[in-house]
Structures are given as structure tokens and as C-alpha cells.
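Asker: Structure below; questions to follow.
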Amino acid sequence: MSVLQMLQERSNSTCELCGSKENLSQYTIPPSLNENVANDVLVCKTCLDQIEGKVEMDSNHWRCLNDSMWSEHVAVQIMAWRMLQRLRGEGWPKDLLDMMYLDDEALALARATGEHEDAANKIIHRDVNGVVLEAGDSVVLIKDLKVKGSSMVAKQGTAVRNIRLDHENAEFIEGRVDGQQIVIITKYVKKS
Ligand SMILES: [Zn+2]
């Protein structure tokens, strides 16, 4: 029997995280490289795309972890732990993490990808309304801004496309205004 078949059998061909029966695939938990029924989970595309960061995390989707964190399979417990860590800023995942129990070996593996550190240290850029800003987004200036070190004023209402994020500081982004790359404070922009 292949690993995929074993996963299908143990999960009854459902996503082991959310229970969906659609678009299932085998996921080997990093940093494991070799497929192995102990290190793999069967997940749906909705879960997988978020696990791999291809789409933004939908925290409501992950309410499913409320059930799947109690799986008897360690690989599923580890993925539940990692996703809860990633979301713990939301509050409720933290409560679930407090209830969860992983043995030492599983906990070491769960921590291996640094999901718990990312959650704590991640710098998140937000606009004036608290909307998360990502590299490549477009924003509009909500007030006139004097540009440091020049006489230029970036006017309120100016659209700034394809912003860059300052990875050390959540208050700063960069963007091009009138052909000049400038630093802009996030609280003076609105995502467009
Ligand atoms: Zn799923």
C-alpha cells in the first residue's frame, strides 16, 4: 500500500485538518523530506494553499482545528499546532494551544519550522484603517507629506503603486512618488 493509500484509509478520504472531501493531496510535514505515513497528512487544497502561504490565512476556516487538534495521529497534531501558532494573534487559537498536549518529540518537530517564532516576531504593516499591507500593494496618501531631505511634498490623494515593506519596522513602507523612491509612514496611507 502506498503512503497516500494509507492516509486515505486512516482519514476515510477526508482532509485531516478540516474534514473536506474535495481536492485532497498528501502533504509531507517539513522539514521531513521522505514521505512516511507518520510524517504525512492528507489535506484539501483550501488548507494546503494556506499552509504553503499561497493565499492569505482565513482564520475562520481554521476553526476546524478545534476538532482536528485532538486527532490521534501525531502528524495531524503537529500541523494543527503550527497553524494555531500562526494564528495565535487572533486570541482563540491561543486558548486551543493551551489545551493541546504534544509529547516532547512531537513538540520538537512541531517547532522545527519556527512557526511559533514567526507568530511572535512577525512584523505586520497596517494602513490607517488597520488593513494589512503586503509588498506590491497600492496605497493612497491621506495627507500631504513632506519628503525628508528634499523640498518635495507628496500630495494627499497621490496613488503609490507597488509598495515595498520595511522588514525591520512596521511603521514604514517605501514607494515611488514623482519618480522618487520615498519612505512613507503607514498611518498616513490607505490601501487602495
Ligand atoms: Zn482542509
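Residues are named by chain letter and number: chains run A, B, ... in the order of the C-alpha cells, numbers start at 1 in each chain, and ligands are numbered from 1 in the order shown.
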May I have the residues within 9 Å of ligand 1, computed using only C-alpha atoms and all ligand atoms, as a PyMOL selection string?
Answerer: chain A and resi 14-24+42-48+61-62+64
Asker: Using only C-alpha atoms, which residues sit within 8 Å of Gly175 (chain A) once same-chain residues fewer than 5 positions away are excluded, as a list in words?
Answerer: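 Here the qualifying residues turn out to be Val160, Arg161, Asn162, Ile163, Arg164, Gln181, Ile182, Val183 and Ile184 of chain A.
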Asker: So that I have them on file, write out the residues from the current selection with N, CA, C and O atoms, as an mmCIF file, in the first residue's frame.
Answerer:
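Saved file selection.cif follows:
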```cif
data_model
loop_
_atom_site.group_PDB
_atom_site.id
_atom_site.type_symbol
_atom_site.label_atom_id
_atom_site.label_comp_id
_atom_site.auth_asym_id
_atom_site.auth_seq_id
_atom_site.Cartn_x
_atom_site.Cartn_y
_atom_site.Cartn_z
ATOM 1 N N VAL A 160 0.219 55.505 -4.739
ATOM 2 C CA VAL A 160 1.562 54.920 -4.759
ATOM 3 C C VAL A 160 1.394 53.438 -5.052
ATOM 4 O O VAL A 160 0.745 52.712 -4.299
ATOM 5 N N ARG A 161 1.956 53.034 -6.189
ATOM 6 C CA ARG A 161 1.791 51.636 -6.590
ATOM 7 C C ARG A 161 3.001 50.810 -6.213
ATOM 8 O O ARG A 161 4.094 51.342 -6.070
ATOM 9 N N ASN A 162 2.762 49.511 -6.065
ATOM 10 C CA ASN A 162 3.862 48.566 -5.885
ATOM 11 C C ASN A 162 4.773 48.949 -4.707
ATOM 12 O O ASN A 162 5.977 49.111 -4.876
ATOM 13 N N ILE A 163 4.164 49.071 -3.546
ATOM 14 C CA ILE A 163 4.940 49.455 -2.361
ATOM 15 C C ILE A 163 5.901 48.347 -1.932
ATOM 16 O O ILE A 163 5.699 47.178 -2.258
ATOM 17 N N ARG A 164 6.928 48.749 -1.218
ATOM 18 C CA ARG A 164 7.818 47.791 -0.554
ATOM 19 C C ARG A 164 7.646 47.956 0.940
ATOM 20 O O ARG A 164 7.294 49.023 1.422
ATOM 21 N N GLN A 181 11.941 57.402 -5.046
ATOM 22 C CA GLN A 181 11.618 56.377 -4.056
ATOM 23 C C GLN A 181 11.640 57.028 -2.667
ATOM 24 O O GLN A 181 12.658 57.585 -2.258
ATOM 25 N N ILE A 182 10.513 57.017 -1.983
ATOM 26 C CA ILE A 182 10.475 57.664 -0.665
ATOM 27 C C ILE A 182 9.971 56.702 0.408
ATOM 28 O O ILE A 182 9.307 55.709 0.119
ATOM 29 N N VAL A 183 10.301 57.045 1.640
ATOM 30 C CA VAL A 183 9.800 56.291 2.790
ATOM 31 C C VAL A 183 8.500 56.943 3.238
ATOM 32 O O VAL A 183 8.402 58.165 3.332
ATOM 33 N N ILE A 184 7.495 56.117 3.482
ATOM 34 C CA ILE A 184 6.175 56.643 3.852
ATOM 35 C C ILE A 184 5.749 55.962 5.154
ATOM 36 O O ILE A 184 5.972 54.767 5.338
#
```
Asker: For Leu145 (chain A), which residue out of A:Leu97, A:Met83, A:Val41, A:Val189 is the nearest one, using only C-alpha atoms?
Answerer: A:Val189
Asker: Between A:Ile78, A:Lys155, A:Lys94, A:Leu65, which has the minimum distance to Asn39 (chain A) (counting only C-alpha atoms)?
Answerer: A:Ile78
Asker: Just want the 8 Å neighbourhood of Ile124 (chain A), counted on only C-alpha atoms, with same-chain residues fewer than 2 positions away dropped. Output as a list of chain:residue names.
Answerer: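 These residues fall inside the cut-off: A:Lys122, A:Arg126, A:Val132, A:Leu133, A:Ala170.
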Asker: Just the residues within 12 Å of region 104-113 of chain A, please, counting only C-alpha atoms, with nothing from its chain fewer than 2 positions along; format it as a PyMOL selection string.
Answerer: chain A and resi 29-32+38-39+51+73-86+97+100-102+115-119
Asker: Among region 12-181 of chain A, which residues does DSSP mark as strand (DSSP E or B) when it is run on the backbone? Keep the chain and numbering as in the structure and answer as a ChimeraX atom specification.
Answerer: /A:24-28,40-44,126,132,139-141,145-146,153-154,159-160,164-165,172-177,180-181
Asker: Store the residues picked out above in a file with N, CA and C atoms, as a CSV table (one decimal), in the first residue's frame.
Answerer:
```
chain,number,residue,atom,x,y,z
A,24,LEU,N,-8.1,16.5,-2.4
A,24,LEU,CA,-7.2,16.1,-1.4
A,24,LEU,C,-5.8,15.7,-1.9
A,25,SER,N,-4.8,16.1,-1.1
A,25,SER,CA,-3.5,15.6,-1.5
A,25,SER,C,-2.6,15.3,-0.3
A,26,GLN,N,-1.6,14.6,-0.6
A,26,GLN,CA,-0.7,14.2,0.5
A,26,GLN,C,0.3,15.3,0.8
A,27,TYR,N,0.5,15.6,2.1
A,27,TYR,CA,1.4,16.7,2.4
A,27,TYR,C,2.4,16.2,3.4
A,28,THR,N,3.7,16.2,3.0
A,28,THR,CA,4.8,15.8,3.9
A,28,THR,C,5.2,17.0,4.8
A,40,ASP,N,3.2,12.4,7.4
A,40,ASP,CA,2.4,13.0,6.3
A,40,ASP,C,0.9,13.1,6.8
A,41,VAL,N,0.3,14.1,6.2
A,41,VAL,CA,-1.2,14.3,6.4
A,41,VAL,C,-1.9,14.4,5.0
A,42,LEU,N,-3.1,14.1,5.1
A,42,LEU,CA,-4.0,14.2,3.9
A,42,LEU,C,-4.7,15.6,4.1
A,43,VAL,N,-4.5,16.5,3.1
A,43,VAL,CA,-5.1,17.8,3.3
A,43,VAL,C,-5.8,18.2,2.0
A,44,CYS,N,-6.8,19.1,2.1
A,44,CYS,CA,-7.5,19.6,1.0
A,44,CYS,C,-6.7,20.8,0.4
A,126,ARG,N,0.3,47.8,8.7
A,126,ARG,CA,-1.1,48.1,8.5
A,126,ARG,C,-1.3,49.6,8.1
A,132,VAL,N,-4.1,45.1,6.5
A,132,VAL,CA,-2.7,44.6,6.4
A,132,VAL,C,-2.2,45.0,5.0
A,139,VAL,N,-1.3,52.0,-2.5
A,139,VAL,CA,-1.9,52.8,-1.4
A,139,VAL,C,-2.2,54.2,-1.9
A,140,VAL,N,-3.0,55.0,-1.1
A,140,VAL,CA,-3.2,56.4,-1.4
A,140,VAL,C,-2.8,57.2,-0.2
A,141,LEU,N,-2.1,58.3,-0.4
A,141,LEU,CA,-1.7,59.1,0.7
A,141,LEU,C,-2.9,59.9,1.3
A,145,LEU,N,2.5,65.0,2.6
A,145,LEU,CA,3.7,64.5,3.3
A,145,LEU,C,4.9,65.2,2.8
A,146,LYS,N,5.6,65.9,3.7
A,146,LYS,CA,6.9,66.4,3.4
A,146,LYS,C,7.9,65.3,3.2
A,153,VAL,N,6.9,67.8,-1.7
A,153,VAL,CA,5.7,67.5,-0.9
A,153,VAL,C,4.9,66.4,-1.6
A,154,ALA,N,4.7,65.3,-1.0
A,154,ALA,CA,3.8,64.3,-1.7
A,154,ALA,C,2.4,64.6,-1.3
A,159,ALA,N,-1.6,58.4,-5.5
A,159,ALA,CA,-1.6,56.9,-5.5
A,159,ALA,C,-0.1,56.4,-5.6
A,160,VAL,N,0.2,55.5,-4.7
A,160,VAL,CA,1.6,54.9,-4.8
A,160,VAL,C,1.4,53.4,-5.1
A,164,ARG,N,6.9,48.7,-1.2
A,164,ARG,CA,7.8,47.8,-0.6
A,164,ARG,C,7.6,48.0,0.9
A,165,LEU,N,7.9,46.9,1.7
A,165,LEU,CA,7.8,46.9,3.1
A,165,LEU,C,9.1,47.1,3.8
A,172,PHE,N,6.9,51.7,8.5
A,172,PHE,CA,7.4,52.3,7.3
A,172,PHE,C,7.2,51.4,6.1
A,173,ILE,N,6.8,52.0,5.0
A,173,ILE,CA,6.8,51.4,3.7
A,173,ILE,C,7.6,52.3,2.7
A,174,GLU,N,7.9,51.8,1.6
A,174,GLU,CA,8.5,52.6,0.6
A,174,GLU,C,7.8,52.6,-0.7
A,175,GLY,N,7.8,53.7,-1.4
A,175,GLY,CA,7.1,53.7,-2.7
A,175,GLY,C,7.6,54.8,-3.5
A,176,ARG,N,7.2,54.8,-4.8
A,176,ARG,CA,7.7,55.8,-5.7
A,176,ARG,C,6.7,56.9,-5.9
A,177,VAL,N,7.1,58.2,-5.7
A,177,VAL,CA,6.2,59.3,-5.9
A,177,VAL,C,7.0,60.3,-6.7
A,180,GLN,N,10.5,59.4,-7.5
A,180,GLN,CA,11.5,59.3,-6.5
A,180,GLN,C,11.0,58.3,-5.4
A,181,GLN,N,11.9,57.4,-5.0
A,181,GLN,CA,11.6,56.4,-4.1
A,181,GLN,C,11.6,57.0,-2.7
```
Asker: I need the residues in region 38-168 of chain A that are alpha helix (DSSP H) according to DSSP; give them as a ChimeraX atom specification.
Answerer: /A:45-51,65-68,74-86,92-99,104-111,115-121
Asker: Have a look at CA of Val3 (chain A) and CA of Trp70 (chain A) and let me know their distance in Å, one decimal.
Answerer: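 For CA of Val3 (chain A) relative to CA of Trp70 (chain A), the distance reads 21.8 Å.
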Asker: With only C-alpha atoms as the basis for distance, which of A:Asp127, A:Asp103, A:Glu52, A:Asp67 is at the shortest distance from Lys187 (chain A)?
Answerer: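 Under the stated criterion, the closest residue is A:Asp127.
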Asker: Mind giving me the straight-line distance from CA of Gly157 (chain A) to CA of Tyr188 (chain A) in Å, one decimal?
Answerer: 10.6 Å
Asker: CA of Gly89 (chain A) to CA of Lys191 (chain A): how many Å, to one decimal?
Answerer: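 Calculated distance between CA of Gly89 (chain A) and CA of Lys191 (chain A) is 21.7 Å.
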